[in-house]
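Enquirer: The structure file model-v9.cif (mmCIF, C-alpha atoms) is provided below.
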data_target
#
loop_
_atom_site.label_atom_id
_atom_site.label_comp_id
_atom_site.auth_asym_id
_atom_site.auth_seq_id
_atom_site.Cartn_x
_atom_site.Cartn_y
_atom_site.Cartn_z
CA MET A 1 26.95 31.00 -25.51
CA ASN A 2 28.26 28.82 -22.71
CA VAL A 3 25.49 30.09 -20.49
CA ARG A 4 22.88 28.99 -23.01
CA ARG A 5 24.54 25.61 -23.36
CA VAL A 6 24.57 25.08 -19.62
CA ALA A 7 20.97 26.23 -19.31
CA ALA A 8 19.91 23.83 -22.04
CA THR A 9 21.77 21.03 -20.30
CA MET A 10 19.95 21.83 -17.09
CA VAL A 11 16.55 21.69 -18.79
CA ILE A 12 17.38 18.37 -20.44
CA ALA A 13 18.66 16.91 -17.18
CA VAL A 14 15.56 17.93 -15.23
CA ALA A 15 13.29 16.64 -17.99
CA ALA A 16 15.14 13.34 -18.04
CA VAL A 17 14.72 12.98 -14.32
CA LEU A 18 11.02 13.70 -14.46
CA VAL A 19 10.34 11.49 -17.48
CA GLY A 20 12.37 8.65 -16.02
CA LEU A 21 10.35 8.37 -12.85
CA PRO A 22 8.47 5.09 -12.51
CA ALA A 23 4.71 5.07 -12.93
CA PRO A 24 3.02 5.58 -9.57
CA ALA A 25 1.38 2.66 -7.87
CA ALA A 26 -2.18 2.50 -6.64
CA VAL A 27 -4.17 0.91 -3.86
CA GLU A 28 -6.68 -1.84 -4.54
CA MET A 29 -9.20 -2.86 -1.88
CA SER A 30 -11.31 -5.96 -1.63
CA THR A 31 -14.31 -6.09 0.63
CA GLY A 32 -17.60 -7.88 0.78
CA ILE A 33 -16.86 -11.31 2.21
CA ARG A 34 -18.91 -11.72 5.35
CA TYR A 35 -19.73 -14.85 7.29
CA VAL A 36 -22.52 -15.17 9.82
CA TYR A 37 -22.15 -17.78 12.53
CA PRO A 38 -25.36 -18.29 14.53
CA SER A 39 -23.41 -19.79 17.41
CA GLY A 40 -19.91 -19.40 18.72
CA ALA A 41 -17.92 -17.16 20.98
CA LEU A 42 -16.14 -14.00 19.96
CA SER A 43 -12.90 -15.53 21.21
CA GLU A 44 -13.36 -18.38 18.75
CA CYS A 45 -13.70 -15.86 15.95
CA SER A 46 -10.58 -14.04 17.15
CA ASP A 47 -8.54 -17.23 17.24
CA LYS A 48 -9.51 -18.12 13.70
CA ALA A 49 -8.94 -14.57 12.51
CA LYS A 50 -5.43 -14.52 13.90
CA THR A 51 -4.65 -17.91 12.37
CA ALA A 52 -6.03 -16.92 8.97
CA LEU A 53 -4.12 -13.64 8.88
CA SER A 54 -0.91 -15.34 9.99
CA ALA A 55 -1.12 -17.71 7.04
CA TYR A 56 -0.71 -14.87 4.52
CA LEU A 57 0.57 -11.78 6.30
CA GLU A 58 2.83 -10.90 9.19
CA ASN A 59 2.33 -9.89 12.79
CA PRO A 60 -1.46 -9.90 13.20
CA VAL A 61 -2.48 -7.55 15.97
CA GLU A 62 -5.79 -6.97 17.71
CA LYS A 63 -6.86 -3.34 17.89
CA THR A 64 -8.17 -3.68 21.42
CA THR A 65 -7.53 -6.78 23.46
CA GLY A 66 -10.67 -8.90 23.36
CA GLY A 67 -12.32 -6.62 20.82
CA GLY A 68 -12.13 -9.07 17.95
CA GLU A 69 -10.74 -6.64 15.37
CA TRP A 70 -7.53 -7.88 13.76
CA SER A 71 -5.15 -6.47 11.19
CA ALA A 72 -1.90 -7.61 9.60
CA ARG A 73 0.53 -6.45 6.92
CA GLY A 74 2.77 -8.18 4.46
CA PRO A 75 3.32 -10.14 2.33
CA ILE A 76 5.10 -12.78 4.35
CA GLY A 77 8.80 -13.03 3.84
CA VAL A 78 9.25 -9.72 2.05
CA THR A 79 11.42 -7.10 3.63
CA GLY A 80 10.80 -3.42 3.14
CA PRO A 81 7.62 -1.40 3.00
CA ALA A 82 4.33 -3.30 3.23
CA THR A 83 2.49 -3.82 -0.04
CA ALA A 84 -0.47 -5.72 1.36
CA GLY A 85 -2.72 -5.63 4.40
CA ALA A 86 -5.92 -7.14 5.70
CA VAL A 87 -8.46 -6.54 8.42
CA VAL A 88 -10.68 -9.22 9.92
CA ARG A 89 -13.43 -7.91 12.18
CA CYS A 90 -15.46 -10.10 14.49
CA LEU A 91 -18.69 -8.77 15.94
CA ALA A 92 -20.70 -10.67 18.51
CA VAL A 93 -24.32 -10.94 17.48
CA GLY A 94 -26.82 -12.94 19.55
CA LYS A 95 -25.30 -16.28 20.44
CA GLY A 96 -22.85 -16.14 17.56
CA TYR A 97 -20.90 -13.65 15.56
CA ILE A 98 -20.39 -12.13 12.17
CA VAL A 99 -16.98 -11.71 10.63
CA THR A 100 -15.94 -9.48 7.74
CA PHE A 101 -12.79 -9.51 5.63
CA THR A 102 -11.21 -6.44 4.05
CA CYS A 103 -7.95 -6.55 2.14
CA VAL A 104 -5.76 -4.05 0.37
CA VAL A 105 -2.75 -4.42 -1.90
CA GLN A 106 -0.48 -2.05 -3.74
CA ILE A 107 -0.49 -2.56 -7.49
CA PRO A 108 1.94 -3.07 -9.06
CA GLY A 109 4.39 -4.39 -6.53
CA ASN A 110 2.35 -7.17 -5.00
CA PRO A 111 2.32 -10.73 -6.31
CA TYR A 112 -1.48 -11.13 -5.95
CA ALA A 113 -4.69 -9.13 -6.10
CA ALA A 114 -6.70 -7.96 -3.10
CA ASP A 115 -9.59 -10.28 -4.01
CA ALA A 116 -7.32 -13.32 -4.06
CA LEU A 117 -5.83 -12.40 -0.70
CA CYS A 118 -9.22 -11.88 0.93
CA LEU A 119 -10.67 -15.05 -0.51
CA ASP A 120 -7.82 -17.14 0.86
CA ILE A 121 -7.95 -15.50 4.28
CA ALA A 122 -11.71 -16.05 4.43
CA HIS A 123 -11.39 -19.65 3.31
CA ASN A 124 -8.62 -20.28 5.81
CA PHE A 125 -10.94 -18.86 8.46
CA SER A 126 -13.87 -21.06 7.44
CA GLY A 127 -11.88 -24.17 6.69
CA LYS A 128 -12.64 -24.20 2.99
CA PRO A 129 -10.00 -25.17 0.44
CA VAL A 130 -7.66 -22.31 -0.38
CA LYS A 131 -6.00 -21.52 -3.66
CA PRO A 132 -2.27 -20.98 -3.15
CA LEU A 133 -1.28 -17.39 -3.73
CA PRO A 134 1.64 -16.53 -5.95
CA THR A 135 4.69 -16.09 -3.82
CA PRO A 136 7.09 -13.21 -4.20
CA SER A 137 9.91 -13.99 -6.56
CA PRO A 138 12.85 -15.34 -4.59
CA LEU A 139 15.97 -13.28 -4.89
CA PRO A 140 18.13 -14.97 -7.51
CA THR A 141 21.67 -15.59 -6.50
CA GLY A 142 23.04 -15.77 -9.99
CA CYS A 143 23.79 -13.08 -12.56
CA THR A 144 20.56 -13.38 -14.52
CA THR A 145 19.92 -11.08 -17.45
CA ALA A 146 16.21 -11.08 -16.62
CA ASN A 147 16.56 -8.54 -13.81
CA LEU A 148 19.05 -6.52 -11.81
CA VAL A 149 18.30 -8.10 -8.46
CA GLY A 150 21.38 -8.49 -6.34
CA THR A 151 24.30 -6.61 -4.87
CA TRP A 152 26.26 -4.34 -7.18
CA THR A 153 29.65 -2.90 -6.36
CA SER A 154 30.92 0.24 -8.03
CA ASP A 155 33.99 -0.31 -10.18
CA ASP A 156 35.31 3.20 -9.75
CA LYS A 157 33.74 4.63 -6.58
CA PRO A 158 35.25 2.84 -3.59
CA GLY A 159 32.73 1.79 -0.98
CA LEU A 160 29.67 2.35 -3.14
CA THR A 161 27.33 -0.63 -3.39
CA LEU A 162 23.76 -0.87 -4.60
CA GLN A 163 21.29 -3.44 -3.32
CA MET A 164 18.59 -3.94 -5.95
CA ASP A 165 15.40 -5.76 -5.01
CA ALA A 166 12.79 -7.70 -6.92
CA ASN A 167 10.29 -4.85 -6.74
CA GLY A 168 12.42 -2.45 -8.75
CA GLY A 169 13.87 -0.64 -5.79
CA LEU A 170 17.47 0.00 -4.93
CA THR A 171 19.32 1.19 -1.87
CA ASP A 172 22.92 2.26 -1.74
CA SER A 173 25.42 1.73 1.04
CA ASP A 174 24.43 5.07 2.59
CA GLY A 175 20.73 4.24 2.62
CA VAL A 176 19.83 6.41 -0.36
CA SER A 177 16.99 4.82 -2.31
CA GLY A 178 16.12 4.79 -5.97
CA ASN A 179 14.63 2.57 -8.63
CA TRP A 180 15.76 0.36 -11.48
CA GLY A 181 14.22 -0.83 -14.71
CA LEU A 182 15.46 -3.29 -17.31
CA TYR A 183 14.35 -3.48 -20.93
CA GLY A 184 16.36 -6.11 -22.75
CA SER A 185 19.95 -5.19 -22.06
CA SER A 186 19.13 -1.52 -21.50
CA ALA A 187 18.79 -0.55 -17.89
CA THR A 188 17.49 2.62 -16.28
CA LEU A 189 18.62 3.66 -12.85
CA THR A 190 16.84 6.44 -11.00
CA TYR A 191 19.57 7.28 -8.55
CA TYR A 192 20.80 10.83 -8.23
CA GLY A 193 19.17 11.38 -11.58
CA THR A 194 18.16 8.98 -14.28
CA HIS A 195 20.93 6.98 -15.91
CA THR A 196 20.66 4.82 -19.00
CA MET A 197 22.99 1.87 -18.65
CA THR A 198 23.81 -1.35 -20.42
CA LEU A 199 23.76 -4.82 -18.89
CA THR A 200 26.40 -7.11 -20.30
CA ALA A 201 25.46 -10.48 -21.79
CA ASP A 202 26.75 -12.33 -18.74
CA GLY A 203 24.46 -10.28 -16.48
CA LYS A 204 27.41 -9.30 -14.36
CA HIS A 205 28.34 -5.80 -15.45
CA LEU A 206 26.34 -2.63 -15.70
CA HIS A 207 27.83 0.50 -17.17
CA GLY A 208 26.87 3.84 -18.64
CA GLY A 209 25.50 7.14 -17.45
CA GLY A 210 28.61 7.90 -15.46
CA TYR A 211 28.49 4.68 -13.44
CA SER A 212 30.00 1.24 -13.69
CA PHE A 213 28.95 -1.65 -11.45
CA THR A 214 29.74 -5.32 -11.07
CA ARG A 215 27.22 -7.74 -9.58
CA LYS A 216 28.14 -10.26 -6.92
CA CYS A 217 27.23 -13.70 -8.17
CA MET B 1 35.43 29.52 -19.66
CA SER B 2 35.27 32.71 -17.66
CA ARG B 3 34.94 32.83 -13.89
CA THR B 4 31.34 33.99 -14.25
CA HIS B 5 30.52 31.04 -16.43
CA ARG B 6 32.19 28.64 -14.03
CA TYR B 7 30.14 29.99 -11.13
CA PHE B 8 26.99 29.76 -13.19
CA ALA B 9 27.78 26.19 -14.19
CA LEU B 10 28.37 25.28 -10.55
CA ALA B 11 25.06 26.82 -9.57
CA VAL B 12 23.27 24.93 -12.33
CA ALA B 13 24.91 21.67 -11.30
CA ALA B 14 23.83 22.23 -7.72
CA LEU B 15 20.29 22.98 -8.83
CA VAL B 16 20.10 19.86 -10.97
CA ALA B 17 21.42 17.75 -8.12
CA CYS B 18 18.85 19.25 -5.78
CA VAL B 19 15.99 18.66 -8.19
CA THR B 20 17.16 15.12 -8.76
CA LEU B 21 17.28 14.33 -5.08
CA CYS B 22 13.96 15.98 -4.44
CA VAL B 23 12.09 14.02 -7.09
CA THR B 24 13.70 10.62 -6.54
CA PRO B 25 10.71 8.72 -5.20
CA ALA B 26 10.72 7.08 -1.80
CA ARG B 27 9.39 3.54 -1.72
CA ALA B 28 5.62 3.58 -1.32
CA GLU B 29 4.02 1.75 1.57
CA ILE B 30 0.50 0.55 2.22
CA LEU B 31 -0.97 1.77 5.51
CA MET B 32 -4.22 0.18 6.65
CA VAL B 33 -6.19 0.91 9.77
CA ILE B 34 -9.19 -0.43 11.65
CA GLY B 35 -11.43 2.57 12.06
CA ASP B 36 -14.33 3.13 14.42
CA SER B 37 -17.12 0.63 14.89
CA PHE B 38 -20.33 1.55 16.63
CA THR B 39 -23.94 0.55 16.85
CA VAL B 40 -26.85 2.91 16.27
CA ALA B 41 -30.07 1.95 18.01
CA GLY B 42 -33.56 2.56 16.69
CA ALA B 43 -32.58 3.15 13.10
CA PRO B 44 -33.16 1.01 10.02
CA ILE B 45 -30.31 -0.51 8.04
CA GLY B 46 -31.31 1.75 5.18
CA ASP B 47 -30.09 4.69 7.21
CA CYS B 48 -26.68 3.10 7.54
CA ASN B 49 -26.46 2.50 3.83
CA ALA B 50 -27.48 6.06 3.03
CA ASN B 51 -25.07 7.47 5.60
CA ALA B 52 -22.24 5.27 4.38
CA LYS B 53 -22.69 6.51 0.85
CA THR B 54 -22.87 10.10 2.05
CA ALA B 55 -19.74 9.81 4.16
CA LEU B 56 -17.69 8.04 1.50
CA ASN B 57 -18.66 10.51 -1.17
CA ALA B 58 -17.87 13.40 1.17
CA VAL B 59 -14.33 12.19 1.84
CA LEU B 60 -13.57 10.06 -1.23
CA GLN B 61 -15.64 9.60 -4.37
CA ASN B 62 -17.87 7.26 -6.38
CA ALA B 63 -19.07 5.18 -3.42
CA GLY B 64 -20.63 1.90 -4.41
CA ASP B 65 -22.04 -1.09 -2.55
CA ASN B 66 -22.41 -4.80 -3.13
CA GLY B 67 -26.09 -4.83 -2.25
CA SER B 68 -25.61 -6.22 1.24
CA GLY B 69 -24.39 -3.23 3.20
CA VAL B 70 -20.74 -3.21 2.22
CA TRP B 71 -19.61 0.10 0.74
CA LEU B 72 -16.37 0.95 -0.99
CA ALA B 73 -14.87 4.12 -2.44
CA TYR B 74 -11.55 5.40 -3.72
CA GLY B 75 -9.88 8.75 -3.60
CA PRO B 76 -9.63 10.91 -6.69
CA PRO B 77 -7.18 9.50 -9.23
CA ASP B 78 -4.01 11.38 -10.03
CA GLY B 79 -2.97 12.41 -13.50
CA THR B 80 -2.13 8.82 -14.40
CA GLY B 81 -5.44 7.39 -13.19
CA HIS B 82 -4.08 5.95 -9.96
CA SER B 83 -5.73 6.38 -6.58
CA SER B 84 -3.76 6.33 -3.33
CA ALA B 85 -6.65 6.19 -0.84
CA THR B 86 -9.54 3.83 -0.30
CA ALA B 87 -12.04 2.97 2.40
CA ALA B 88 -14.79 0.53 3.17
CA VAL B 89 -17.87 0.93 5.34
CA HIS B 90 -19.69 -2.15 6.60
CA CYS B 91 -23.33 -1.93 7.69
CA TYR B 92 -25.03 -4.78 9.50
CA PRO B 93 -28.47 -4.88 11.12
CA ILE B 94 -28.50 -5.55 14.84
CA ASP B 95 -31.67 -5.71 16.93
CA ASN B 96 -33.61 -2.58 16.06
CA GLY B 97 -30.56 -0.72 14.82
CA TYR B 98 -27.37 -1.35 12.98
CA ASN B 99 -23.64 -1.68 13.42
CA VAL B 100 -21.33 0.31 11.22
CA SER B 101 -17.56 -0.04 10.90
CA PHE B 102 -14.89 1.78 8.93
CA THR B 103 -11.71 0.43 7.34
CA CYS B 104 -9.24 2.66 5.54
CA ALA B 105 -6.02 2.32 3.57
CA VAL B 106 -3.65 4.76 1.93
CA GLU B 107 -0.46 4.53 -0.05
CA VAL B 108 2.24 6.75 1.41
CA PRO B 109 3.71 8.44 -0.51
CA PRO B 110 1.98 10.00 -2.40
CA ASN B 111 -1.12 10.26 -0.23
CA PRO B 112 -0.79 13.24 2.13
CA ASP B 113 -3.19 11.80 4.71
CA THR B 114 -2.75 8.86 7.06
CA ALA B 115 -5.13 5.94 7.13
CA GLU B 116 -6.15 7.02 10.64
CA GLY B 117 -6.88 10.51 9.42
CA LEU B 118 -8.95 9.20 6.55
CA CYS B 119 -11.03 7.00 8.85
CA GLN B 120 -11.54 9.86 11.31
CA LYS B 121 -12.86 12.02 8.51
CA LEU B 122 -15.18 9.23 7.41
CA ALA B 123 -16.56 8.66 10.88
CA ALA B 124 -17.09 12.40 11.32
CA ALA B 125 -18.91 12.56 8.00
CA PHE B 126 -21.20 9.67 8.91
CA PRO B 127 -24.35 11.53 9.97
CA ALA B 128 -25.54 9.22 12.73
CA LYS B 129 -27.19 10.60 15.79
CA LYS B 130 -24.48 10.42 18.39
CA THR B 131 -27.07 10.09 21.15
CA SER B 132 -28.23 6.80 19.73
CA LEU B 133 -24.82 5.16 19.73
CA LEU B 134 -24.80 2.02 21.80
CA PHE B 135 -21.13 1.23 21.99
CA THR B 136 -17.84 1.64 20.22
CA SER B 137 -15.14 -0.76 19.27
CA ALA B 138 -13.15 0.34 22.30
CA SER B 139 -15.77 -1.18 24.60
CA PRO B 140 -17.42 -4.01 22.72
CA VAL B 141 -20.70 -5.24 24.11
CA ARG B 142 -22.42 -8.41 23.06
CA THR B 143 -25.95 -7.96 21.93
CA LYS B 144 -28.73 -10.36 22.79
CA ARG B 145 -31.70 -11.29 20.72
#
Starting from the file, give its structure as structure tokens.

Expert:
Amino acid sequence: MNVRRVAATMVIAVAAVLVGLPAPAAVEMSTGIRYVYPSGALSECSDKAKTALSAYLENPVEKTTGGGEWSARGPIGVTGPATAGAVVRCLAVGKGYIVTFTCVVQIPGNPYAADALCLDIAHNFSGKPVKPLPTPSPLPTGCTTANLVGTWTSDDKPGLTLQMDANGGLTDSDGVSGNWGLYGSSATLTYYGTHTMTLTADGKHLHGGGYSFTRKC
Amino acid sequence: MSRTHRYFALAVAALVACVTLCVTPARAEILMVIGDSFTVAGAPIGDCNANAKTALNAVLQNAGDNGSGVWLAYGPPDGTGHSSATAAVHCYPIDNGYNVSFTCAVEVPPNPDTAEGLCQKLAAAFPAKKTSLLFTSASPVRTKR
């Protein structure tokens, strides 16, 4: 009897883990913007490409020095894995050059679409007016009930802290990663299994599922 | 609870912990790469468009263009309709030939391939005559009209 009970518990636990996983993200690419400049040097194109990429992404690099092919990743100011990237390619043609723009973003998880990113990079390149892109949500410092962003300290497991980010990710003090979700006051933590927890009305305490945390705020 | 049951419970707990750790997703990351770029002499731009479509459909699927030599395709969607790989092929007429370039991106995980690997497969699937290549992106040459 106990064996059956334990086996049933195992099945339920595994199912809960699998069902509780977040929906997978996808890649979205934007391509098609191409400018043709009848006159101008490739170096001029490269300079503008680097400037345009730097305005929206981080660390633009040229594939081969002097080759005119640039790429960068981002978004700017967001730590962790890249959720956006762009490539600007300059090709010398006659006395001028052509330049193409290709962008990619991860959805969800990025504050803007690939088309919006590419349009702004292209407009920055050409000097046309740009439409400001949505910026990533700043990390709130308070104990908001709208999300779980912040640093959480375990109430009963000494030394255990969870850093939860605005993209639904979490990392513990040992570097183990997981995910969080919040639906009203009900929270789901995918961290050594899936745990259903409750966020208190003051946004400061999270408990349930065998864990109890307090947020620094 | 008997000793046998305790051992079994321990084994089950270990298995659940293992499964949990194994399926906890790592944070996905976008990887994007500048693929090859080369010029094919003595061939019409229509060849580039046809080859781009062929290559994209060979490696990814449902290649489409914007009518001006820019081709785009995505990898097969997973069970939830999401794709973790994409690539673009740009064709542009130059002199009596054309220039073609490849740009690739993947989301890792879950995509098993790298962006570099994807672009290498695309370039290999692009059926251009290698003898007619003028130059590659590693040694750019300015063309004159």

Enquirer: Expanded to explicit residues, what is the PyMOL selection byres ((chain A and resi 157) around 12) for this file, as a PyMOL selection string?

Expert: chain A and resi 152-156+158-162+173+210-214

Enquirer: Which residue, B:Ala41, B:Pro109, B:Lys121, B:Ala55, has the smallest gap to chain A when you use all atoms listed in the file?

Expert: B:Pro109

Enquirer: List, as a ChimeraX atom specification, every residue that the PyMOL selection byres ((chain A and resi 170) around 12) selects in the file provided.

Expert: /A:80,148-152,161-169,171-181,188-192 /B:24-27

Enquirer: With the file shown as input, list the residues that the PyMOL selection byres ((chain B and resi 87-100) around 6) selects, as a list in words.

Expert: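 After applying the PyMOL selection byres ((chain B and resi 87-100) around 6), what remains is Ser37, Phe38, Thr39, Val40, Ala41, Gly42, Ala43, Pro44, Ile45, Gly69, Val70, Trp71, Leu72, Ala73, Thr86, Ser101, Phe102, Thr103 and Cys104 of chain B.
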
Enquirer: Suppose you want the space between atom CA of A:Thr64 and atom CA of B:Val106; what is it in Å?

Expert: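 Rounded to one decimal, the two atoms are 21.7 Å apart.
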
Enquirer: Mind listing as a PDB file with C-alpha atoms, keeping the file's coordinate frame which residues of chain A are within 6 Å of chain B, counting only C-alpha atoms?

Expert:
ATOM      1  CA  ALA A  26      -2.180   2.500  -6.640  1.00  0.00           C
ATOM      2  CA  VAL A  27      -4.170   0.910  -3.860  1.00  0.00           C
ATOM      3  CA  GLY A  32     -17.600  -7.880   0.780  1.00  0.00           C
ATOM      4  CA  PRO A  81       7.620  -1.400   3.000  1.00  0.00           C
ATOM      5  CA  ALA A  82       4.330  -3.300   3.230  1.00  0.00           C
ATOM      6  CA  THR A  83       2.490  -3.820  -0.040  1.00  0.00           C
ATOM      7  CA  ALA A  92     -20.700 -10.670  18.510  1.00  0.00           C
ATOM      8  CA  VAL A  93     -24.320 -10.940  17.480  1.00  0.00           C
ATOM      9  CA  GLY A  94     -26.820 -12.940  19.550  1.00  0.00           C
ATOM     10  CA  TYR A 192      20.800  10.830  -8.230  1.00  0.00           C
ATOM     11  CA  GLY A 193      19.170  11.380 -11.580  1.00  0.00           C
TER      12      GLY A 193
END

Enquirer: Which residue out of A:Ile76, A:Val105, A:Ile33, A:Ala116 has the minimum interatomic distance to A:Ser54 when all atoms listed in the file are used?

Expert: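 Distance minimum relative to A:Ser54 lands on A:Ile76.
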
Enquirer: Any idea what the distance is between atom CA of A:Ala49 and atom CA of A:His123?

Expert: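 If I compute the distance from atom CA of A:Ala49 to atom CA of A:His123, I get 10.8 Å.
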
Enquirer: Would you compute the distance between atom CA of B:Asp113 and atom CA of B:Ala63? Give it in Å to one decimal.

Expert: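 Computing it gives 19.0 Å between the two atoms.
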
Enquirer: Would you mind telling me which residue in A:Thr31, A:Tyr97, A:Leu199, A:Glu69 lies nearest to A:Glu44 when using all atoms listed in the file?

Expert: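 So, comparing all the options, the nearest one is A:Tyr97.
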
Enquirer: Pick the closest to B:Asp47 from B:Pro112, B:Leu118, B:Val59, B:Pro127: which is it, counting all atoms listed in the file?

Expert: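 Counting all atoms listed in the file, the residue closest to B:Asp47 is B:Pro127.
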
Enquirer: Distance cut-off 12 Å, centre (-2.3, -8.3, -9.9) in file coordinates, counting all atoms listed in the file: which residues qualify? Return them as a ChimeraX atom specification.

Expert: /A:25-29,83-84,104-117,133-134

Enquirer: Could you add the missing atoms to stretch 86-108 of chain B, up to N, CA and C atoms, and return them as a PDB file, keeping the file's coordinate frame?

Expert:
ATOM      1  N   THR B  86      -8.313   4.611  -0.162  1.00  0.00           N
ATOM      2  CA  THR B  86      -9.540   3.830  -0.300  1.00  0.00           C
ATOM      3  C   THR B  86     -10.109   3.535   1.081  1.00  0.00           C
ATOM      4  N   ALA B  87     -11.394   3.274   1.117  1.00  0.00           N
ATOM      5  CA  ALA B  87     -12.040   2.970   2.400  1.00  0.00           C
ATOM      6  C   ALA B  87     -13.267   2.121   2.175  1.00  0.00           C
ATOM      7  N   ALA B  88     -13.591   1.353   3.202  1.00  0.00           N
ATOM      8  CA  ALA B  88     -14.790   0.530   3.170  1.00  0.00           C
ATOM      9  C   ALA B  88     -15.633   0.818   4.398  1.00  0.00           C
ATOM     10  N   VAL B  89     -16.936   0.772   4.223  1.00  0.00           N
ATOM     11  CA  VAL B  89     -17.870   0.930   5.340  1.00  0.00           C
ATOM     12  C   VAL B  89     -18.792  -0.290   5.331  1.00  0.00           C
ATOM     13  N   HIS B  90     -18.834  -0.970   6.466  1.00  0.00           N
ATOM     14  CA  HIS B  90     -19.690  -2.150   6.600  1.00  0.00           C
ATOM     15  C   HIS B  90     -20.910  -1.797   7.443  1.00  0.00           C
ATOM     16  N   CYS B  91     -22.085  -2.101   6.935  1.00  0.00           N
ATOM     17  CA  CYS B  91     -23.330  -1.930   7.690  1.00  0.00           C
ATOM     18  C   CYS B  91     -23.933  -3.302   7.953  1.00  0.00           C
ATOM     19  N   TYR B  92     -24.400  -3.496   9.185  1.00  0.00           N
ATOM     20  CA  TYR B  92     -25.030  -4.780   9.500  1.00  0.00           C
ATOM     21  C   TYR B  92     -26.152  -4.546  10.492  1.00  0.00           C
ATOM     22  N   PRO B  93     -27.344  -5.102  10.210  1.00  0.00           N
ATOM     23  CA  PRO B  93     -28.470  -4.880  11.120  1.00  0.00           C
ATOM     24  C   PRO B  93     -28.315  -5.628  12.435  1.00  0.00           C
ATOM     25  N   ILE B  94     -28.566  -4.943  13.516  1.00  0.00           N
ATOM     26  CA  ILE B  94     -28.500  -5.550  14.840  1.00  0.00           C
ATOM     27  C   ILE B  94     -29.698  -5.077  15.655  1.00  0.00           C
ATOM     28  N   ASP B  95     -30.460  -6.032  16.170  1.00  0.00           N
ATOM     29  CA  ASP B  95     -31.670  -5.710  16.930  1.00  0.00           C
ATOM     30  C   ASP B  95     -32.515  -4.710  16.137  1.00  0.00           C
ATOM     31  N   ASN B  96     -32.804  -3.583  16.772  1.00  0.00           N
ATOM     32  CA  ASN B  96     -33.610  -2.580  16.060  1.00  0.00           C
ATOM     33  C   ASN B  96     -32.740  -1.469  15.466  1.00  0.00           C
ATOM     34  N   GLY B  97     -31.469  -1.736  15.368  1.00  0.00           N
ATOM     35  CA  GLY B  97     -30.560  -0.720  14.820  1.00  0.00           C
ATOM     36  C   GLY B  97     -29.572  -1.342  13.857  1.00  0.00           C
ATOM     37  N   TYR B  98     -28.394  -0.794  13.860  1.00  0.00           N
ATOM     38  CA  TYR B  98     -27.370  -1.350  12.980  1.00  0.00           C
ATOM     39  C   TYR B  98     -25.986  -1.077  13.553  1.00  0.00           C
ATOM     40  N   ASN B  99     -25.043  -1.903  13.096  1.00  0.00           N
ATOM     41  CA  ASN B  99     -23.640  -1.680  13.420  1.00  0.00           C
ATOM     42  C   ASN B  99     -22.941  -1.186  12.162  1.00  0.00           C
ATOM     43  N   VAL B 100     -22.097  -0.205  12.350  1.00  0.00           N
ATOM     44  CA  VAL B 100     -21.330   0.310  11.220  1.00  0.00           C
ATOM     45  C   VAL B 100     -19.851   0.335  11.594  1.00  0.00           C
ATOM     46  N   SER B 101     -19.005  -0.045  10.648  1.00  0.00           N
ATOM     47  CA  SER B 101     -17.560  -0.040  10.900  1.00  0.00           C
ATOM     48  C   SER B 101     -16.829   0.528   9.680  1.00  0.00           C
ATOM     49  N   PHE B 102     -15.679   1.112   9.969  1.00  0.00           N
ATOM     50  CA  PHE B 102     -14.890   1.780   8.930  1.00  0.00           C
ATOM     51  C   PHE B 102     -13.502   1.139   8.821  1.00  0.00           C
ATOM     52  N   THR B 103     -13.058   0.944   7.599  1.00  0.00           N
ATOM     53  CA  THR B 103     -11.710   0.430   7.340  1.00  0.00           C
ATOM     54  C   THR B 103     -11.076   1.287   6.249  1.00  0.00           C
ATOM     55  N   CYS B 104      -9.865   1.718   6.477  1.00  0.00           N
ATOM     56  CA  CYS B 104      -9.240   2.660   5.540  1.00  0.00           C
ATOM     57  C   CYS B 104      -7.820   2.217   5.190  1.00  0.00           C
ATOM     58  N   ALA B 105      -7.393   2.615   4.003  1.00  0.00           N
ATOM     59  CA  ALA B 105      -6.020   2.320   3.570  1.00  0.00           C
ATOM     60  C   ALA B 105      -5.539   3.441   2.660  1.00  0.00           C
ATOM     61  N   VAL B 106      -4.270   3.753   2.794  1.00  0.00           N
ATOM     62  CA  VAL B 106      -3.650   4.760   1.930  1.00  0.00           C
ATOM     63  C   VAL B 106      -2.277   4.256   1.504  1.00  0.00           C
ATOM     64  N   GLU B 107      -1.811   4.812   0.423  1.00  0.00           N
ATOM     65  CA  GLU B 107      -0.460   4.530  -0.050  1.00  0.00           C
ATOM     66  C   GLU B 107       0.375   5.783   0.202  1.00  0.00           C
ATOM     67  N   VAL B 108       1.415   5.611   1.010  1.00  0.00           N
ATOM     68  CA  VAL B 108       2.240   6.750   1.410  1.00  0.00           C
ATOM     69  C   VAL B 108       3.698   6.509   1.012  1.00  0.00           C
TER      70      VAL B 108
END
